[in-house]
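Student: One structure follows; several queries about it will come next.
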Amino acid sequence: MNNSIHDVDILLVEDNPDDAALVIRELKKNRLANNLIHLTDGAQALDFLFCRGEFSERKIEDKPKVIFLDLKMPKIDGLQVLHEIRADHRTRLIPVVVMTSSKEERDIADTYNQGVNAYVVKPVEFDSFSKAVTELGMFWLLVNQSPK
Amino acid sequence: MLTSGVVLFLTFTSFLIYEVITFRQTAVRQLSIQAKIISSNSTAALAFDSREDANEILTALKAEPHIVMAAIFDKEGKLFSRYPLNYPASNLPVASFKETYQFEGAHLISFEPIVQNNNVLGVLYIKSDMTAMYERLQLYATIAALVLTISFVVAYFFSNWLQRSISWPILSLAETARVISEKKDYSVRATKIENNETGLLTDAFNQMLSEIQVQNEQIQLFNQNLETIIQKRTQDLKEANKEMEAFSYSVSHDLRAPLRSINGYSKILLEDHGEQLGSQGVKTLNNIIRNGTRMGQLIDDLLNFSKLGKQSVNRVQLDMNAIAYTVCEDAKGQHTKEVDIQINTLPVVYGDSSMMRQVMQNLVSNALKYSQKKDKARIEIGSYQENENPVFYVRDNGAGFDMQYYEKLFGVFQRLHGQNEFEGTGVGLALVQRIITKHQGKIWAEGKTNEGATFYFSIPIDVGEKV
């Protein structure tokens, strides 16, 4: 995992350290976590994306290839983060994948209304979970082409 | 009042007309008797041409003051005798030999032929003054009119009295009833006018009103209480529902995360340090993972079950054949052992597409699960008609169940087999029952230990497009 804030492929926003550790482990196994940064709440994520506070040295043009975003987080929740990303023309094209425990219809509808690119329910069963994370990493970093 | 007036008037008028007619008839009869007597008396005078006798006979008419004149003509029509004797001959009428009685103004005139042995000897003329008679009749009419007027006045006062004592109280009762039914105000009371039968009626009416008023107040009070209770209950329910939603949301989010960690870290331990743990350690870790996974399955099933309560049934026409076919294909794909599945022709029903698919899926996967230990697992899906509604069934030749525990079959988290025998959470059949109940349908089952089970369900066909 690279801690540089300037060259980021995956921005993982996840408040649960265990979930984050499992995701990172799976991505690492597939060598997809080289340029990954993990932030633990929505406020931090927005500071990072809009180069504020501790991330003021960042350039906003250095967009991550994909954001893995949890929904239920302290301070600012995932839906609000998604809203602000989509509201600003500089960040609105960044692919965002919501990764959450929630299967609630309401959450799925709300995030799609805000323009999410994918909605993934984190499986409890570990094999399914690791498979899902690997496929997501592969797809968004290697298969998918995003606008520059 | 008007009626009695008209009746009285008609009675008196007809009475008067009758009087006039009988009076005239009597006058004619009396005069004709007199004329006949005189004419028969006059036959001798005429026969012997004795004017003196004739004059004498006629003069006897003095006793009858209403006879103003009389005359006897001979058979040639010449005046033979007259009464009074000085009556001017020029005022006499021409003799008529036909028997005639007729009224001329206030006079009754008669010609009575004088006949002897069929020989006409002459004719008798009598003129009778009817004035006196008419005066009597007039008096009669006056009295009648007076009686009529008095009767009328009496009838008027009598009917007034009747009205006051009968009609008014009844009319006032009717008016009160109208006002009450219009304004729905049961505090209105009818006024008691007199202390008689209608007074009693008014009292009874008022008493009835009092009772209605009291009952109404009680009903209103009861309704208000009920409304307050309903409002409170609705509020409670809303809060409970909200809490329930928050609860299931939290279950869905927060219960899964630690489970994922337990499973995940166990798996990491297994992958990274499995060799150091030894076979006992690996077995223990696998037990942890299996239970964690099962816990996750329980949470998912429970959430599905509680979600179903909120979902509304969206009825559409369903091809049960297609549903059964795809469900069986999917199930077979996940099943390792060979199984003989027979799908009979199934009718179309109206139901919620995803819910009915879930029903078929749960029943088929149950049938597969419980027949997996048989050498030749056999599953049959079919239907039959019962009271217009099709009944569907899913039959297997698997482990079956003891009818003794039938009550537990559809209970949430209730299982009739141990976890080590057949896996499961005990939500599947409860979910199926809930879906069928939401469709206003019926579900039941038959089974025998080790001889298989049959699950039946039917949903009403006549609800059509209704939700």
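Labels for the structure tokens follow display order: chains A, B, ..., residues from 1 in each chain, ligands from 1.
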If you count only C-alpha atoms, which residues fall within 12 Å of Glu407 in chain B, apart from same-chain ones fewer than 5 positions away, as a VMD selection string?
Tutor: chain B and resid 401 to 402 412 414 to 416 430 444 to 446
Student: Compute the set of chain A residues within 8 Å of chain B, using only C-alpha atoms, and express it as an MDAnalysis selection string.
Tutor: chainID A and resid 18:19 22 100:104 123:126
Student: Those residues with N, CA and C atoms, as a short mmCIF file (atom, residue, chain, number, x, y, z; two decimals), in the first residue's frame please?
Tutor:
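To be explicit, this is the file written out as selection-v9.cif:
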```
data_model
loop_
_atom_site.label_atom_id
_atom_site.label_comp_id
_atom_site.auth_asym_id
_atom_site.auth_seq_id
_atom_site.Cartn_x
_atom_site.Cartn_y
_atom_site.Cartn_z
N ASP A 18 -12.00 -3.33 10.55
CA ASP A 18 -11.93 -4.74 10.18
C ASP A 18 -12.33 -4.96 8.74
N ASP A 19 -13.44 -4.32 8.36
CA ASP A 19 -13.87 -4.42 6.97
C ASP A 19 -12.79 -3.89 6.04
N LEU A 22 -9.93 -6.27 5.69
CA LEU A 22 -10.26 -7.41 4.83
C LEU A 22 -10.25 -7.00 3.36
N THR A 100 -21.51 -1.65 1.01
CA THR A 100 -22.22 -1.49 2.27
C THR A 100 -22.78 -2.83 2.75
N SER A 101 -23.20 -2.87 4.00
CA SER A 101 -23.86 -4.07 4.53
C SER A 101 -25.34 -4.04 4.24
N SER A 102 -25.83 -2.85 3.85
CA SER A 102 -27.28 -2.67 3.74
C SER A 102 -27.85 -3.20 2.43
N LYS A 103 -28.92 -4.01 2.59
CA LYS A 103 -29.64 -4.46 1.41
C LYS A 103 -30.93 -3.66 1.24
N GLU A 104 -31.07 -2.58 2.02
CA GLU A 104 -32.32 -1.81 1.99
C GLU A 104 -32.58 -1.19 0.62
N PRO A 123 -20.85 -9.33 1.34
CA PRO A 123 -21.37 -10.59 1.87
C PRO A 123 -20.76 -10.93 3.22
N VAL A 124 -21.53 -11.62 4.05
CA VAL A 124 -21.04 -12.06 5.35
C VAL A 124 -20.06 -13.22 5.15
N GLU A 125 -20.42 -14.04 4.18
CA GLU A 125 -19.61 -15.23 3.93
C GLU A 125 -18.29 -14.81 3.27
N PHE A 126 -17.17 -15.25 3.87
CA PHE A 126 -15.90 -14.65 3.48
C PHE A 126 -15.50 -14.94 2.04
#
```
Student: Using only C-alpha atoms, which protein or nucleic acid residues come within 12 Å of range 50-63 of chain A? Drop anything in the same chain fewer than 5 positions from it, and give the result as a PyMOL selection string.
Tutor: chain A and resi 4-11+35+39+43-45+81+84-85+87-96+146-148
Student: Based on the backbone DSSP call, show me all residues of range 83-205 of chain B assigned helix (DSSP H, G or I), as JSON, numbers by chain.
Tutor: {"B": [89, 90, 91, 131, 132, 133, 134, 135, 136, 137, 138, 139, 140, 141, 142, 143, 144, 145, 146, 147, 148, 149, 150, 151, 152, 153, 154, 155, 156, 157, 158, 159, 160, 161, 162, 163, 164, 165, 166, 167, 168, 169, 170, 171, 172, 173, 174, 175, 176, 177, 178, 179, 180, 181, 182, 183, 197, 198, 199, 200, 201, 202, 203, 204, 205]}
Student: Work out how far apart CA of Leu49 in chain A and CA of Tyr119 in chain A are and give it in Å to one decimal.
Tutor: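 If I compute the distance from CA of Leu49 in chain A to CA of Tyr119 in chain A, I get 20.5 Å.
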Student: Could you check which of A:Asp107, A:Tyr112, A:Val121, A:Gln145 is closest to Val133 in chain A, using only C-alpha atoms?
Tutor: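 Counting only C-alpha atoms, the residue closest to Val133 in chain A is A:Val121.
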Student: Please compute the CA of Ile33 in chain B-CA of Phe15 in chain B distance, one decimal, in Å.
Tutor: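 Value for the CA of Ile33 in chain B-CA of Phe15 in chain B distance: 26.6 Å.
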Student: Within range 3-148 of chain A, find each residue whose DSSP state, derived from the backbone, is strand (DSSP E or B), and express the selection as JSON, numbers by chain.
Tutor: {"A": [10, 11, 12, 13, 36, 37, 38, 39, 66, 67, 68, 69, 96, 97, 98, 99, 100, 118, 119, 120, 121]}
Student: Just to confirm, what's the straight-line distance from CA of Asp396 in chain B to CA of Cys328 in chain B in Å (one decimal)?
Tutor: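 According to the coordinates, CA of Asp396 in chain B and CA of Cys328 in chain B are separated by 13.2 Å.
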Student: Fewer than 5 positions away in the same chain doesn't count, so skip those; otherwise give me all residues within 8 Å of Thr134 in chain A, counting only C-alpha atoms, as a count of residues only.
Tutor: 3
Student: Can you tell me, as a VMD selection string, what residues are no more than 9 Å from Gly5 in chain B when counting only C-alpha atoms, ignoring any on the same chain fewer than 6 positions away?
Tutor: chain B and resid 148 151 to 152 155 to 156
Student: Atoms to include: C-alpha atoms. Write the selected residues as an mmCIF file, in the first residue's frame.
Tutor:
```cif
data_model
loop_
_atom_site.group_PDB
_atom_site.id
_atom_site.type_symbol
_atom_site.label_atom_id
_atom_site.label_comp_id
_atom_site.auth_asym_id
_atom_site.auth_seq_id
_atom_site.Cartn_x
_atom_site.Cartn_y
_atom_site.Cartn_z
ATOM 1 C CA LEU B 148 -127.979 25.652 8.447
ATOM 2 C CA SER B 151 -125.227 24.237 12.457
ATOM 3 C CA PHE B 152 -122.392 25.759 10.543
ATOM 4 C CA ALA B 155 -119.627 22.921 13.519
ATOM 5 C CA TYR B 156 -117.030 25.673 13.230
#
```
Student: Name all residues at most 12 Å from Gly137 in chain A (count only C-alpha atoms; drop same-chain ones fewer than 2 positions away) and give them as JSON, numbers by chain.
Tutor: {"A": [9, 10, 11, 12, 23, 24, 25, 26, 27, 28, 29, 30, 31, 32, 33, 34, 35, 36, 65, 66, 67, 68, 97, 130, 131, 132, 133, 134, 135, 139, 140, 141, 142, 143, 144]}
Student: May I have the residues from that selection written out with C-alpha atoms, as a PDB file, in the first residue's frame?
Tutor:
```
ATOM      1  CA  ASP A   9      -5.860   4.581  -7.764  1.00  0.00           C
ATOM      2  CA  ILE A  10      -8.333   3.493  -5.117  1.00  0.00           C
ATOM      3  CA  LEU A  11      -9.814   5.716  -2.460  1.00  0.00           C
ATOM      4  CA  LEU A  12     -11.342   3.459   0.214  1.00  0.00           C
ATOM      5  CA  VAL A  23     -10.799  -5.350   1.687  1.00  0.00           C
ATOM      6  CA  ILE A  24      -7.212  -4.199   1.597  1.00  0.00           C
ATOM      7  CA  ARG A  25      -5.955  -7.748   2.199  1.00  0.00           C
ATOM      8  CA  GLU A  26      -7.950  -9.089  -0.727  1.00  0.00           C
ATOM      9  CA  LEU A  27      -6.855  -6.273  -3.033  1.00  0.00           C
ATOM     10  CA  LYS A  28      -3.269  -6.754  -1.962  1.00  0.00           C
ATOM     11  CA  LYS A  29      -3.438 -10.466  -2.723  1.00  0.00           C
ATOM     12  CA  ASN A  30      -4.245  -9.489  -6.278  1.00  0.00           C
ATOM     13  CA  ARG A  31      -1.708  -6.678  -6.361  1.00  0.00           C
ATOM     14  CA  LEU A  32      -4.419  -4.080  -6.753  1.00  0.00           C
ATOM     15  CA  ALA A  33      -3.644  -2.106  -3.589  1.00  0.00           C
ATOM     16  CA  ASN A  34      -0.420  -0.442  -4.618  1.00  0.00           C
ATOM     17  CA  ASN A  35      -1.937   2.980  -4.900  1.00  0.00           C
ATOM     18  CA  LEU A  36      -4.694   2.786  -2.292  1.00  0.00           C
ATOM     19  CA  LYS A  65      -9.569   5.745 -10.586  1.00  0.00           C
ATOM     20  CA  VAL A  66     -12.375   4.605  -8.289  1.00  0.00           C
ATOM     21  CA  ILE A  67     -13.842   5.395  -4.887  1.00  0.00           C
ATOM     22  CA  PHE A  68     -15.037   2.503  -2.682  1.00  0.00           C
ATOM     23  CA  VAL A  97     -18.837   2.145  -5.917  1.00  0.00           C
ATOM     24  CA  SER A 130     -13.171 -11.868  -1.126  1.00  0.00           C
ATOM     25  CA  LYS A 131     -14.438 -12.808  -4.568  1.00  0.00           C
ATOM     26  CA  ALA A 132     -16.558  -9.647  -4.751  1.00  0.00           C
ATOM     27  CA  VAL A 133     -13.668  -7.381  -3.668  1.00  0.00           C
ATOM     28  CA  THR A 134     -11.258  -8.984  -6.123  1.00  0.00           C
ATOM     29  CA  GLU A 135     -13.668  -8.661  -9.013  1.00  0.00           C
ATOM     30  CA  PHE A 139     -12.880  -4.361 -13.050  1.00  0.00           C
ATOM     31  CA  TRP A 140     -12.380  -0.757 -12.003  1.00  0.00           C
ATOM     32  CA  LEU A 141      -8.598  -0.699 -12.190  1.00  0.00           C
ATOM     33  CA  LEU A 142      -7.918  -2.979 -15.134  1.00  0.00           C
ATOM     34  CA  VAL A 143     -11.050  -3.452 -17.239  1.00  0.00           C
ATOM     35  CA  ASN A 144     -12.898  -0.191 -16.984  1.00  0.00           C
TER      36      ASN A 144
END
```
Student: Please identify all polymer residues within 8 Å of Glu99 in chain B, counting only C-alpha atoms, omitting same-chain residues fewer than 5 positions from it, and present them as a list in words.
Tutor: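 Residues near the query, excluding close chain neighbours: Ser110, Phe111, Glu112 and Pro113 of chain B.
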